[in-house]
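One file, work26.txt, is given below (compact mmCIF, C-alpha atoms and all ligand atoms).
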```txt
# COMPACT_ATOMS: atom_id res chain seq x y z
CA MET D 1 94.82 57.93 77.85
CA ILE D 2 92.33 58.57 75.05
CA LEU D 3 88.83 59.99 75.58
CA LYS D 4 87.27 58.17 72.65
CA ASN D 5 84.70 59.56 70.25
CA CYS D 6 83.50 62.54 72.36
CA ARG D 7 79.97 63.42 71.16
CA PHE D 8 80.86 67.14 71.37
CA ILE D 9 83.94 69.05 72.47
CA LEU D 10 83.40 72.73 73.31
CA THR D 11 87.07 73.58 72.86
CA GLN D 12 86.98 77.28 73.80
CA ASP D 13 90.01 77.68 71.53
CA PRO D 14 90.51 81.08 69.82
CA LYS D 15 87.98 80.10 67.11
CA ARG D 16 85.57 78.69 69.73
CA ARG D 17 85.33 75.48 67.71
CA VAL D 18 82.76 72.86 68.68
CA LEU D 19 83.99 69.47 67.49
CA GLU D 20 81.85 66.38 66.99
CA ASN D 21 82.87 62.75 67.41
CA CYS D 22 86.54 63.50 68.09
CA ASP D 23 89.08 61.91 70.42
CA ILE D 24 91.25 63.63 73.00
CA ARG D 25 94.61 62.11 73.83
CA ILE D 26 96.07 62.96 77.21
CA GLU D 27 99.70 62.49 78.07
CA ASP D 28 100.65 62.88 81.73
CA ASP D 29 99.03 66.15 82.84
CA LYS D 30 98.50 67.68 79.39
CA ILE D 31 96.29 67.48 76.33
CA ALA D 32 98.46 65.97 73.58
CA GLU D 33 96.14 65.70 70.58
CA ILE D 34 92.54 66.32 69.48
CA ALA D 35 91.45 64.52 66.32
CA PRO D 36 89.04 61.88 65.02
CA ASN D 37 90.12 58.24 65.29
CA ILE D 38 93.39 58.63 67.15
CA LYS D 39 95.29 55.36 66.97
CA GLU D 40 94.54 53.35 70.08
CA ARG D 41 97.86 52.85 71.74
CA ASP D 42 96.77 53.97 75.22
CA ASP D 43 94.00 53.29 77.69
CA LYS D 44 90.75 54.43 76.19
CA VAL D 45 87.52 55.66 77.73
CA ASP D 46 84.25 55.72 75.77
CA PHE D 47 82.92 59.31 75.65
CA SER D 48 80.46 58.79 72.77
CA LYS D 49 77.51 60.03 74.86
CA LYS D 50 79.40 62.89 76.48
CA VAL D 51 79.93 66.56 75.87
CA VAL D 52 83.39 67.69 76.95
CA MET D 53 84.32 71.24 77.88
CA PRO D 54 87.09 73.02 79.79
CA GLY D 55 86.89 72.78 83.57
CA MET D 56 85.03 75.69 85.14
CA ILE D 57 87.14 78.44 86.71
CA ASN D 58 85.61 80.01 89.81
CA THR D 59 87.40 83.33 90.17
CA HIS D 60 85.85 84.39 93.47
CA VAL D 61 84.79 82.04 96.25
CA HIS D 62 85.01 81.67 100.03
CA LEU D 63 85.29 77.87 100.18
CA PRO D 64 85.12 77.44 104.00
CA MET D 65 81.80 79.30 104.09
CA THR D 66 80.20 75.95 103.25
CA LEU D 67 80.24 75.74 107.05
CA PHE D 68 77.57 78.46 107.26
CA ARG D 69 75.38 77.43 104.33
CA GLY D 70 71.82 78.56 104.96
CA TYR D 71 72.82 80.39 108.14
CA SER D 72 72.44 83.96 106.95
CA ASP D 73 69.69 84.22 104.33
CA ASN D 74 67.41 87.17 103.59
CA LEU D 75 69.78 89.94 104.66
CA GLY D 76 71.37 92.80 102.70
CA LEU D 77 75.18 92.83 102.38
CA HIS D 78 76.06 94.97 105.37
CA ASP D 79 73.73 93.20 107.85
CA TRP D 80 74.79 89.87 106.37
CA LEU D 81 78.46 90.76 106.85
CA LYS D 82 77.92 91.83 110.46
CA LYS D 83 76.19 88.56 111.28
CA MET D 84 78.75 86.44 109.40
CA MET D 85 81.83 88.13 110.83
CA ALA D 86 80.58 87.59 114.39
CA GLU D 87 80.45 83.86 113.65
CA GLU D 88 83.64 83.70 111.57
CA ALA D 89 85.63 85.29 114.41
CA LYS D 90 85.03 82.09 116.40
CA LEU D 91 86.20 79.71 113.67
CA THR D 92 88.94 77.22 114.48
CA ALA D 93 91.68 76.01 112.14
CA GLU D 94 90.08 72.55 112.12
CA GLN D 95 86.71 73.94 111.06
CA VAL D 96 88.28 75.95 108.24
CA TYR D 97 90.18 72.87 107.03
CA TRP D 98 87.05 70.72 106.85
CA GLY D 99 84.96 73.57 105.43
CA THR D 100 87.52 73.91 102.64
CA MET D 101 87.48 70.15 102.07
CA LEU D 102 83.70 70.33 101.66
CA GLY D 103 84.01 73.36 99.37
CA CYS D 104 86.50 71.47 97.19
CA LEU D 105 84.28 68.39 97.15
CA GLU D 106 81.31 70.42 95.97
CA SER D 107 83.42 72.35 93.44
CA LEU D 108 84.75 69.15 91.88
CA GLN D 109 81.29 67.60 91.82
CA PHE D 110 80.01 70.62 89.88
CA GLY D 111 82.92 70.68 87.44
CA THR D 112 85.18 73.40 88.84
CA THR D 113 88.85 72.64 88.24
CA THR D 114 90.34 75.98 89.37
CA ALA D 115 89.17 78.12 92.29
CA ALA D 116 90.35 81.51 93.55
CA ASP D 117 89.56 81.34 97.25
CA PHE D 118 89.39 84.39 99.53
CA TYR D 119 89.51 83.74 103.30
CA TYR D 120 91.49 83.22 106.50
CA TYR D 121 93.63 80.33 107.85
CA PRO D 122 95.52 79.98 104.55
CA TYR D 123 97.77 77.07 105.57
CA GLU D 124 94.79 74.89 106.51
CA ARG D 125 93.10 75.76 103.22
CA ALA D 126 96.28 75.01 101.29
CA LYS D 127 96.47 71.55 102.89
CA ALA D 128 92.84 70.85 102.00
CA VAL D 129 93.11 72.07 98.43
CA GLU D 130 96.32 70.13 97.83
CA LYS D 131 94.67 66.95 99.14
CA MET D 132 91.56 67.43 96.97
CA GLY D 133 93.55 68.18 93.81
CA LEU D 134 92.05 71.43 92.44
CA ASN D 135 94.17 74.23 91.01
CA ALA D 136 93.83 77.00 93.55
CA PHE D 137 94.65 80.64 94.17
CA LEU D 138 94.76 81.31 97.90
CA ASP D 139 95.33 84.24 100.22
CA SER D 140 95.27 85.34 103.81
CA THR D 141 92.64 88.08 103.62
CA VAL D 142 93.54 91.33 105.37
CA LEU D 143 91.29 93.80 107.18
CA ASP D 144 92.01 96.51 109.73
CA LYS D 145 90.11 95.47 112.83
CA PRO D 146 91.46 92.66 115.01
CA PHE D 147 90.24 89.52 113.30
CA PHE D 148 92.35 86.40 113.92
CA PHE D 149 95.27 88.84 114.37
CA LYS D 150 95.88 91.57 116.95
CA ASP D 151 96.01 94.30 114.30
CA ALA D 152 96.26 95.02 110.57
CA GLN D 153 100.07 94.87 110.54
CA GLU D 154 100.07 91.35 111.93
CA ALA D 155 97.48 90.31 109.31
CA ILE D 156 99.61 91.90 106.57
CA ASN D 157 102.74 90.11 107.80
CA HIS D 158 100.89 86.80 107.78
CA SER D 159 99.64 87.47 104.25
CA GLU D 160 103.20 88.16 103.07
CA LYS D 161 104.62 85.09 104.84
CA PHE D 162 101.99 82.90 103.16
CA ILE D 163 102.90 84.29 99.74
CA LYS D 164 106.57 83.46 100.39
CA ASP D 165 105.82 79.98 101.74
CA MET D 166 103.60 78.86 98.89
CA GLN D 167 106.44 77.75 96.63
CA GLU D 168 106.29 74.21 98.04
CA TYR D 169 102.68 73.59 97.00
CA LYS D 170 102.39 72.47 93.39
CA LYS D 171 98.84 73.48 92.56
CA ILE D 172 98.60 76.66 94.62
CA THR D 173 99.27 80.23 93.54
CA PRO D 174 99.30 82.87 96.30
CA VAL D 175 97.33 86.11 96.06
CA ALA D 176 97.40 89.39 98.05
CA THR D 177 93.96 90.45 99.29
CA CYS D 178 92.33 93.39 101.02
CA HIS D 179 88.78 92.61 102.11
CA SER D 180 87.25 95.93 100.95
CA ILE D 181 87.71 99.68 101.17
CA TYR D 182 85.17 99.80 104.01
CA LEU D 183 87.24 97.35 106.12
CA CYS D 184 90.74 98.45 105.05
CA GLY D 185 92.19 101.93 105.45
CA THR D 186 94.62 103.67 103.12
CA ASP D 187 97.71 102.40 104.95
CA THR D 188 96.60 98.75 104.68
CA LEU D 189 95.63 99.16 101.01
CA GLU D 190 99.04 100.61 100.23
CA LYS D 191 100.91 97.85 102.05
CA ILE D 192 99.00 95.10 100.25
CA ARG D 193 99.58 96.89 96.92
CA ASP D 194 103.33 96.91 97.66
CA ILE D 195 103.37 93.21 98.60
CA SER D 196 101.54 92.34 95.38
CA ASN D 197 104.11 94.34 93.39
CA LYS D 198 107.08 92.92 95.31
CA TYR D 199 106.13 89.27 94.66
CA ASN D 200 104.35 89.94 91.34
CA VAL D 201 101.15 88.25 92.52
CA ILE D 202 97.52 89.12 91.83
CA ARG D 203 95.89 91.57 94.25
CA ARG D 204 92.16 91.74 94.75
CA ILE D 205 89.38 93.39 96.71
CA HIS D 206 85.58 93.41 97.02
CA VAL D 207 84.60 96.79 95.58
CA SER D 208 81.68 98.92 94.41
CA GLU D 209 79.18 96.46 95.81
CA THR D 210 76.41 98.65 97.19
CA GLU D 211 75.09 102.18 97.01
CA ARG D 212 76.04 102.55 100.68
CA GLU D 213 79.70 101.82 99.85
CA LEU D 214 79.61 104.31 96.98
CA LYS D 215 78.13 107.08 99.16
CA ALA D 216 80.52 106.39 102.05
CA SER D 217 83.50 106.54 99.71
CA LEU D 218 82.35 109.84 98.22
CA LYS D 219 82.02 111.22 101.75
CA ASN D 220 85.22 109.77 103.28
CA ASN D 221 87.57 109.62 100.29
CA LYS D 222 86.09 112.36 98.10
CA ALA D 223 86.15 109.81 95.32
CA THR D 224 84.10 106.86 94.08
CA PRO D 225 85.47 103.47 95.27
CA ILE D 226 87.44 102.54 92.14
CA GLU D 227 88.55 106.14 91.64
CA TYR D 228 89.91 106.01 95.20
CA LEU D 229 91.81 102.78 94.44
CA ASN D 230 93.20 104.41 91.32
CA LYS D 231 94.51 107.32 93.40
CA LEU D 232 96.32 104.77 95.57
CA ASP D 233 97.94 103.19 92.47
CA TRP D 234 96.02 100.02 93.19
CA LEU D 235 94.87 99.48 89.61
CA ASP D 236 96.99 97.55 87.14
CA ASP D 237 96.81 94.31 85.15
CA LYS D 238 97.40 92.25 88.33
CA THR D 239 94.25 93.68 89.95
CA MET D 240 91.04 91.65 90.30
CA LEU D 241 88.04 93.76 91.29
CA VAL D 242 85.25 91.67 92.80
CA HIS D 243 81.67 92.81 91.97
CA CYS D 244 81.78 96.43 90.56
CA ASN D 245 77.97 96.62 90.43
CA TRP D 246 77.95 100.37 91.03
CA ALA D 247 80.95 101.21 88.83
CA THR D 248 80.54 104.50 86.96
CA ASN D 249 81.55 105.12 83.32
CA MET D 250 84.59 107.03 84.54
CA GLU D 251 85.61 104.05 86.69
CA LEU D 252 85.08 101.62 83.81
CA ARG D 253 87.48 103.68 81.70
CA MET D 254 90.06 103.47 84.51
CA ILE D 255 89.57 99.71 84.72
CA ARG D 256 89.98 99.36 80.96
CA ASP D 257 93.01 101.63 80.74
CA LYS D 258 94.80 99.89 83.61
CA GLY D 259 93.92 96.36 82.43
CA CYS D 260 92.19 95.31 85.68
CA LYS D 261 89.95 92.23 85.70
CA ILE D 262 86.43 92.04 87.12
CA ASN D 263 84.78 89.06 88.85
CA HIS D 264 81.02 88.74 88.28
CA ASN D 265 79.00 87.01 91.02
CA PRO D 266 75.41 87.22 89.71
CA VAL D 267 73.63 84.83 92.09
CA SER D 268 75.24 86.29 95.20
CA ASN D 269 74.62 89.85 93.98
CA MET D 270 70.91 89.13 93.55
CA LYS D 271 70.62 87.24 96.83
CA LEU D 272 72.28 90.04 98.82
CA ALA D 273 70.13 92.59 96.97
CA TYR D 274 72.93 94.77 95.60
CA GLY D 275 70.28 96.92 93.98
CA LYS D 276 71.97 97.11 90.61
CA ALA D 277 73.24 94.61 88.06
CA MET D 278 76.85 95.20 87.10
CA PRO D 279 77.09 96.99 83.72
CA LEU D 280 78.30 93.82 82.02
CA LYS D 281 77.34 94.71 78.46
CA LYS D 282 79.24 97.98 78.67
CA MET D 283 82.24 96.24 80.25
CA LEU D 284 82.41 93.65 77.47
CA GLU D 285 81.99 96.28 74.76
CA MET D 286 84.93 98.15 76.28
CA GLY D 287 87.07 94.99 76.12
CA ILE D 288 87.33 94.55 79.89
CA THR D 289 87.98 90.98 81.09
CA VAL D 290 85.03 89.78 83.16
CA SER D 291 85.05 86.31 84.69
CA LEU D 292 82.39 84.35 86.51
CA ALA D 293 82.27 83.44 90.18
CA THR D 294 79.91 81.97 92.74
CA ASP D 295 81.05 84.04 95.75
CA GLY D 296 80.71 82.13 99.03
CA PRO D 297 78.16 79.41 99.72
CA THR D 298 76.58 81.55 102.44
CA SER D 299 75.37 84.05 99.85
CA ASN D 300 74.65 81.79 96.86
CA ASN D 301 74.11 79.08 98.45
CA ASN D 302 75.99 76.53 96.36
CA LEU D 303 79.19 76.41 94.32
CA ASP D 304 77.57 75.58 90.98
CA LEU D 305 78.94 77.90 88.28
CA PHE D 306 76.39 76.52 85.80
CA ASP D 307 73.73 78.24 87.93
CA ASP D 308 75.72 81.46 87.71
CA MET D 309 75.96 81.19 83.92
CA LYS D 310 72.21 80.83 83.55
CA VAL D 311 71.40 83.53 86.10
CA SER D 312 73.88 85.87 84.47
CA ALA D 313 72.29 85.29 81.05
CA LEU D 314 68.82 85.97 82.48
CA MET D 315 69.86 88.89 84.73
CA HIS D 316 71.23 90.94 81.87
CA LYS D 317 68.38 90.23 79.42
CA PHE D 318 66.00 91.41 82.14
CA GLU D 319 68.09 94.40 83.22
CA LEU D 320 68.70 95.58 79.64
CA ASN D 321 65.09 94.89 78.60
CA ASP D 322 66.63 93.16 75.60
CA PRO D 323 66.12 89.44 74.87
CA MET D 324 69.52 89.39 73.18
CA GLY D 325 71.16 90.44 76.47
CA ILE D 326 74.71 89.11 76.50
CA PRO D 327 75.55 86.60 73.72
CA ASP D 328 75.58 82.98 74.95
CA GLN D 329 79.19 82.56 73.85
CA ASP D 330 80.27 85.49 76.07
CA ILE D 331 78.39 83.98 79.02
CA PHE D 332 80.16 80.63 78.51
CA ASP D 333 83.55 82.36 78.07
CA MET D 334 83.18 83.96 81.52
CA GLY D 335 83.06 80.48 83.07
CA ASN D 336 86.34 79.21 81.66
CA ILE D 337 88.67 81.10 79.29
CA GLN D 338 87.98 84.56 80.76
CA GLY D 339 88.63 83.13 84.22
CA ALA D 340 92.00 81.87 83.00
CA LYS D 341 92.68 85.33 81.61
CA ALA D 342 91.78 86.99 84.93
CA LEU D 343 94.15 84.64 86.76
CA LYS D 344 96.85 84.97 84.07
CA ILE D 345 96.94 81.26 83.27
CA THR D 346 95.66 81.14 79.68
CA ASP D 347 98.92 79.45 78.66
CA LYS D 348 98.05 76.56 81.00
CA THR D 349 94.28 76.12 81.16
CA GLY D 350 90.85 77.55 80.25
CA SER D 351 90.43 75.80 76.90
CA ILE D 352 90.87 72.35 75.37
CA GLU D 353 93.97 72.71 73.24
CA PRO D 354 97.12 70.63 72.82
CA GLY D 355 99.84 71.67 75.25
CA LYS D 356 97.46 72.90 77.95
CA TRP D 357 96.74 71.05 81.18
CA ALA D 358 94.05 68.41 80.80
CA ASP D 359 91.61 70.35 82.98
CA LEU D 360 88.29 69.26 81.52
CA ILE D 361 84.82 68.10 82.45
CA ALA D 362 82.17 65.96 80.81
CA MET D 363 78.41 65.65 80.92
CA ASP D 364 76.26 62.78 79.68
CA VAL D 365 73.96 64.25 76.99
CA ASN D 366 71.77 61.16 76.85
CA LYS D 367 69.26 62.74 79.20
CA PRO D 368 65.72 64.15 78.87
CA HIS D 369 66.76 67.77 79.41
CA PHE D 370 69.39 67.61 76.65
CA THR D 371 66.88 66.16 74.13
CA PRO D 372 66.45 66.88 71.27
CA LEU D 373 69.91 67.86 70.18
CA ASN D 374 69.80 68.73 66.50
CA LYS D 375 70.75 71.36 63.96
CA ASN D 376 68.01 73.75 65.19
CA ASN D 377 69.42 74.13 68.65
CA SER D 378 72.93 74.18 69.91
CA ILE D 379 74.81 72.32 72.56
CA LEU D 380 75.92 75.68 73.96
CA SER D 381 72.30 76.71 74.51
CA HIS D 382 71.63 73.40 76.28
CA ILE D 383 74.66 73.92 78.51
CA ILE D 384 73.67 77.46 79.54
CA TYR D 385 69.90 77.10 79.83
CA CYS D 386 69.29 73.39 80.60
CA SER D 387 72.27 71.99 82.44
CA SER D 388 73.48 72.27 86.00
CA GLY D 389 76.57 71.14 87.88
CA GLN D 390 74.62 68.02 88.83
CA ASP D 391 75.04 66.87 85.22
CA VAL D 392 78.82 66.76 85.46
CA SER D 393 79.89 63.12 85.29
CA GLU D 394 83.66 63.59 84.98
CA THR D 395 86.03 66.18 86.40
CA MET D 396 89.66 65.91 85.37
CA VAL D 397 92.43 68.14 86.73
CA ARG D 398 95.87 67.99 85.11
CA GLY D 399 95.15 64.66 83.44
CA LYS D 400 93.74 62.92 86.50
CA PHE D 401 90.07 62.01 86.92
CA LEU D 402 88.99 63.37 90.31
CA VAL D 403 85.36 62.54 89.49
CA ARG D 404 84.63 59.58 87.20
CA GLU D 405 81.08 58.55 86.34
CA GLY D 406 79.82 60.76 89.16
CA LYS D 407 82.06 59.18 91.82
CA PHE D 408 84.98 60.83 93.61
CA THR D 409 88.22 58.98 92.96
CA ASN D 410 90.65 60.47 95.49
CA CYS D 411 88.64 61.14 98.64
CA ASN D 412 85.90 59.81 100.84
CA PRO D 413 82.92 62.20 100.52
CA GLU D 414 81.08 60.56 103.43
CA GLU D 415 83.99 61.30 105.74
CA ILE D 416 84.10 64.98 104.69
CA MET D 417 80.36 65.52 105.00
CA SER D 418 80.09 63.77 108.37
CA LYS D 419 83.08 65.69 109.73
CA VAL D 420 81.45 69.03 108.78
CA GLN D 421 78.16 67.82 110.20
CA GLU D 422 79.93 66.92 113.44
CA LEU D 423 81.75 70.29 113.65
CA MET D 424 78.77 72.46 112.71
CA GLY D 425 75.80 70.24 113.55
CA ASP D 426 74.41 71.84 116.71
ZN ZN A 501 83.13 87.64 98.29
```
Before we go any further, please render this structure as structure tokens.
Amino acid sequence: MILKNCRFILTQDPKRRVLENCDIRIEDDKIAEIAPNIKERDDKVDFSKKVVMPGMINTHVHLPMTLFRGYSDNLGLHDWLKKMMAEEAKLTAEQVYWGTMLGCLESLQFGTTTAADFYYYPYERAKAVEKMGLNAFLDSTVLDKPFFFKDAQEAINHSEKFIKDMQEYKKITPVATCHSIYLCGTDTLEKIRDISNKYNVIRRIHVSETERELKASLKNNKATPIEYLNKLDWLDDKTMLVHCNWATNMELRMIRDKGCKINHNPVSNMKLAYGKAMPLKKMLEMGITVSLATDGPTSNNNLDLFDDMKVSALMHKFELNDPMGIPDQDIFDMGNIQGAKALKITDKTGSIEPGKWADLIAMDVNKPHFTPLNKNNSILSHIIYCSSGQDVSETMVRGKFLVREGKFTNCNPEEIMSKVQELMGD
């Protein structure tokens, strides 16, 4: 297939080239060639009014929390968590399956081609993700108190079994997860660390979210949260640290030295009133990999990473009292290539380059909010400050259009929405 005469291609290749009026040839699941006027020997699709970019990579999300959208607004993290966990404890496998289906539907609609999901009922989520066609990283999240399992050991065993069983699913990569240091004790943290090392899979944790967590860790562990993880040998290049708003300079040096990755969830952080923007500028200056994420749709409340790009750009200009803030290119990188780096899949996806999976999205630029488009502005500025996920007209994962001209190609959205409405409607 050839995507013909793309108005712009934001390649995100190492030179961050933006190409104009070029074609993209796709062979099976991969990008085969990018050049002007590729000889038309395949099916062709007119992209002359479209901007093409890599699919968005959402490195931290709780897909089934679509079920609780709008249920728990206007609370700080710890009250929010208490309210949510009381409801989540009652969830059935069927609800989680359909909540994941809805989360995938929304992700694809908004141009996300890879999602790292963090939740419970992993087999139901795997079935949903496989059916919907996204690339996914999935886990069975572990915490100490009885929560779907009689104790932490049973939850850990389930997490390990899921990691072993995931070989049969083509688009799924398993992950080892502890919920947080406030819900997992030292023993659980060490066991999940060992499982991650044994199977060589990513391990991750919510950490350094609030001042309350920081103070509790100083009191209970005699160390700041990331310092405590470091003492437990939790930090290495397989580690994804979610949030890190309250990370100290000493902790940032540990993160840099150990090669850990950080997931930035700006909309959720502001909505849950974390009290402090993560020190993103410092992190980037230190060469730490930071990727973008929505967090769950109960604290965002959607799965639109374009919102998170814009909010992140604005948050850090405001916080730094500097209109330069974070360069636009760095903001855009966090939504795709840095996500691939965090998930260790830069050889497969995250940019539009020959040999990589054809994971790409398109937007129609023939719209009022993209006009004018000329030499005095840039398409990148329009994408960050003017666009939203609603503008995505095509979502392609591994060479297959899952959204084409705004319509889903491989599922019935009405069925998914009405099923969730039926399960959660009263
Ligand atoms: Zn989260």
Where does chain D meet ligand ZN 501 (chain A) within 8 Å, residue by residue, with the nearest atom pair and distance in Å to one decimal for each, counting only C-alpha atoms and all ligand atoms, listed by chain and rising number, as a Markdown table?
```
| residue | atom | partner | partner_atom | distance |
| --- | --- | --- | --- | --- |
| D:His60 | CA | A:ZN501 | ZN | 6.4 |
| D:Val61 | CA | A:ZN501 | ZN | 6.2 |
| D:His62 | CA | A:ZN501 | ZN | 6.5 |
| D:Phe118 | CA | A:ZN501 | ZN | 7.2 |
| D:His206 | CA | A:ZN501 | ZN | 6.4 |
| D:Val242 | CA | A:ZN501 | ZN | 7.1 |
| D:Asp295 | CA | A:ZN501 | ZN | 4.9 |
| D:Gly296 | CA | A:ZN501 | ZN | 6.1 |
```
Atom pair CA of Gly275 (chain D) + CA of Gly76 (chain D), distance 9.7 Å
Using all atoms listed in the file, the shortest atom-to-atom distance to Lys271 (chain D) among D:Gln390, D:Thr239, D:Thr248, D:Asn302 belongs to D:Asn302
* Asked: What's the 8 Å shell around Ala152 (chain D), counting all atoms listed in the file, without same-chain residues fewer than 4 positions away, as a ChimeraX atom specification?
  -> /D:142-146,156,188
Next, the residues of the selection above should be written as a PDB file, in the coordinates of the input with C-alpha atoms.
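Final output, saved to result24.pdb:
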```pdb
ATOM      1  CA  VAL D 142      93.540  91.330 105.370  1.00  0.00           C
ATOM      2  CA  LEU D 143      91.290  93.800 107.180  1.00  0.00           C
ATOM      3  CA  ASP D 144      92.010  96.510 109.730  1.00  0.00           C
ATOM      4  CA  LYS D 145      90.110  95.470 112.830  1.00  0.00           C
ATOM      5  CA  PRO D 146      91.460  92.660 115.010  1.00  0.00           C
ATOM      6  CA  ILE D 156      99.610  91.900 106.570  1.00  0.00           C
ATOM      7  CA  THR D 188      96.600  98.750 104.680  1.00  0.00           C
TER       8      THR D 188
END
```
All residues 12 Å or closer to Gly185 (chain D), only C-alpha atoms, same chain fewer than 5 positions away omitted, as a PyMOL selection string | chain D and resi 142-145+152-153+178-180+190-192+217+220-221+228-229+232
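Distances from D:Asn301, D:Thr177, D:Ser159, D:Asn374 to Glu106 (chain D) were compared using all atoms listed in the file, and the smallest one belongs to D:Asn301.
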One residue among D:Leu108, D:Ala313, D:Leu218, D:Met250 is nearest to His264 (chain D) when using only C-alpha atoms, and that residue is D:Ala313
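Using only C-alpha atoms, the smallest distance between any of D:Trp98, D:Tyr120, D:Phe148, D:Phe110 and Thr395 (chain D) comes from D:Phe110.
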Might you pull out every residue within 10 Å of Met417 (chain D), with all atoms listed in the file counted and same-chain residues fewer than 6 positions away left off, and present them as a ChimeraX atom specification? /D:98-99,101-102,105,423
Using all atoms listed in the file, list the residues that have an atom at most 12 Å from (78.3, 83.5, 113.8), coordinates as in the file, as a PyMOL selection string. chain D and resi 65+67-69+71-72+80-91+298+424
Give me a file of those residues, with C-alpha atoms, as an mmCIF file, in the frame of the given file.
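Everything below was put into result.cif:
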```cif
data_model
loop_
_atom_site.group_PDB
_atom_site.id
_atom_site.type_symbol
_atom_site.label_atom_id
_atom_site.label_comp_id
_atom_site.auth_asym_id
_atom_site.auth_seq_id
_atom_site.Cartn_x
_atom_site.Cartn_y
_atom_site.Cartn_z
ATOM 1 C CA MET D 65 81.800 79.300 104.090
ATOM 2 C CA LEU D 67 80.240 75.740 107.050
ATOM 3 C CA PHE D 68 77.570 78.460 107.260
ATOM 4 C CA ARG D 69 75.380 77.430 104.330
ATOM 5 C CA TYR D 71 72.820 80.390 108.140
ATOM 6 C CA SER D 72 72.440 83.960 106.950
ATOM 7 C CA TRP D 80 74.790 89.870 106.370
ATOM 8 C CA LEU D 81 78.460 90.760 106.850
ATOM 9 C CA LYS D 82 77.920 91.830 110.460
ATOM 10 C CA LYS D 83 76.190 88.560 111.280
ATOM 11 C CA MET D 84 78.750 86.440 109.400
ATOM 12 C CA MET D 85 81.830 88.130 110.830
ATOM 13 C CA ALA D 86 80.580 87.590 114.390
ATOM 14 C CA GLU D 87 80.450 83.860 113.650
ATOM 15 C CA GLU D 88 83.640 83.700 111.570
ATOM 16 C CA ALA D 89 85.630 85.290 114.410
ATOM 17 C CA LYS D 90 85.030 82.090 116.400
ATOM 18 C CA LEU D 91 86.200 79.710 113.670
ATOM 19 C CA THR D 298 76.580 81.550 102.440
ATOM 20 C CA MET D 424 78.770 72.460 112.710
#
```
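Restricting the calculation to all atoms listed in the file, the smallest distance between Lys400 (chain D) and any of D:Ile337, D:Ala358, D:Ile195, D:Ile38 is found for D:Ala358.
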Set the distance at 10 Å and use all atoms listed in the file: which residues neighbour Asp29 (chain D) once local chain neighbours fewer than 3 positions away are removed? I'd like the list as a PDB file with C-alpha atoms, in the frame of the given file.
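The resulting file, part31.pdb, is shown below:
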```
ATOM      1  CA  ILE D  26      96.070  62.960  77.210  1.00  0.00           C
ATOM      2  CA  ALA D  32      98.460  65.970  73.580  1.00  0.00           C
ATOM      3  CA  GLY D 355      99.840  71.670  75.250  1.00  0.00           C
ATOM      4  CA  LYS D 356      97.460  72.900  77.950  1.00  0.00           C
ATOM      5  CA  TRP D 357      96.740  71.050  81.180  1.00  0.00           C
ATOM      6  CA  ALA D 358      94.050  68.410  80.800  1.00  0.00           C
ATOM      7  CA  ASP D 359      91.610  70.350  82.980  1.00  0.00           C
ATOM      8  CA  MET D 396      89.660  65.910  85.370  1.00  0.00           C
ATOM      9  CA  VAL D 397      92.430  68.140  86.730  1.00  0.00           C
ATOM     10  CA  ARG D 398      95.870  67.990  85.110  1.00  0.00           C
ATOM     11  CA  GLY D 399      95.150  64.660  83.440  1.00  0.00           C
ATOM     12  CA  LYS D 400      93.740  62.920  86.500  1.00  0.00           C
TER      13      LYS D 400
END
```
task: Please identify all polymer residues within 8 Å of Thr173 (chain D), counting all atoms listed in the file, omitting same-chain residues fewer than 6 positions from it, and present them as a PyMOL selection string.
output: chain D and resi 136-138+166
Computed gap from CA of Gly111 (chain D) to CA of Val311 (chain D) is 17.3 Å
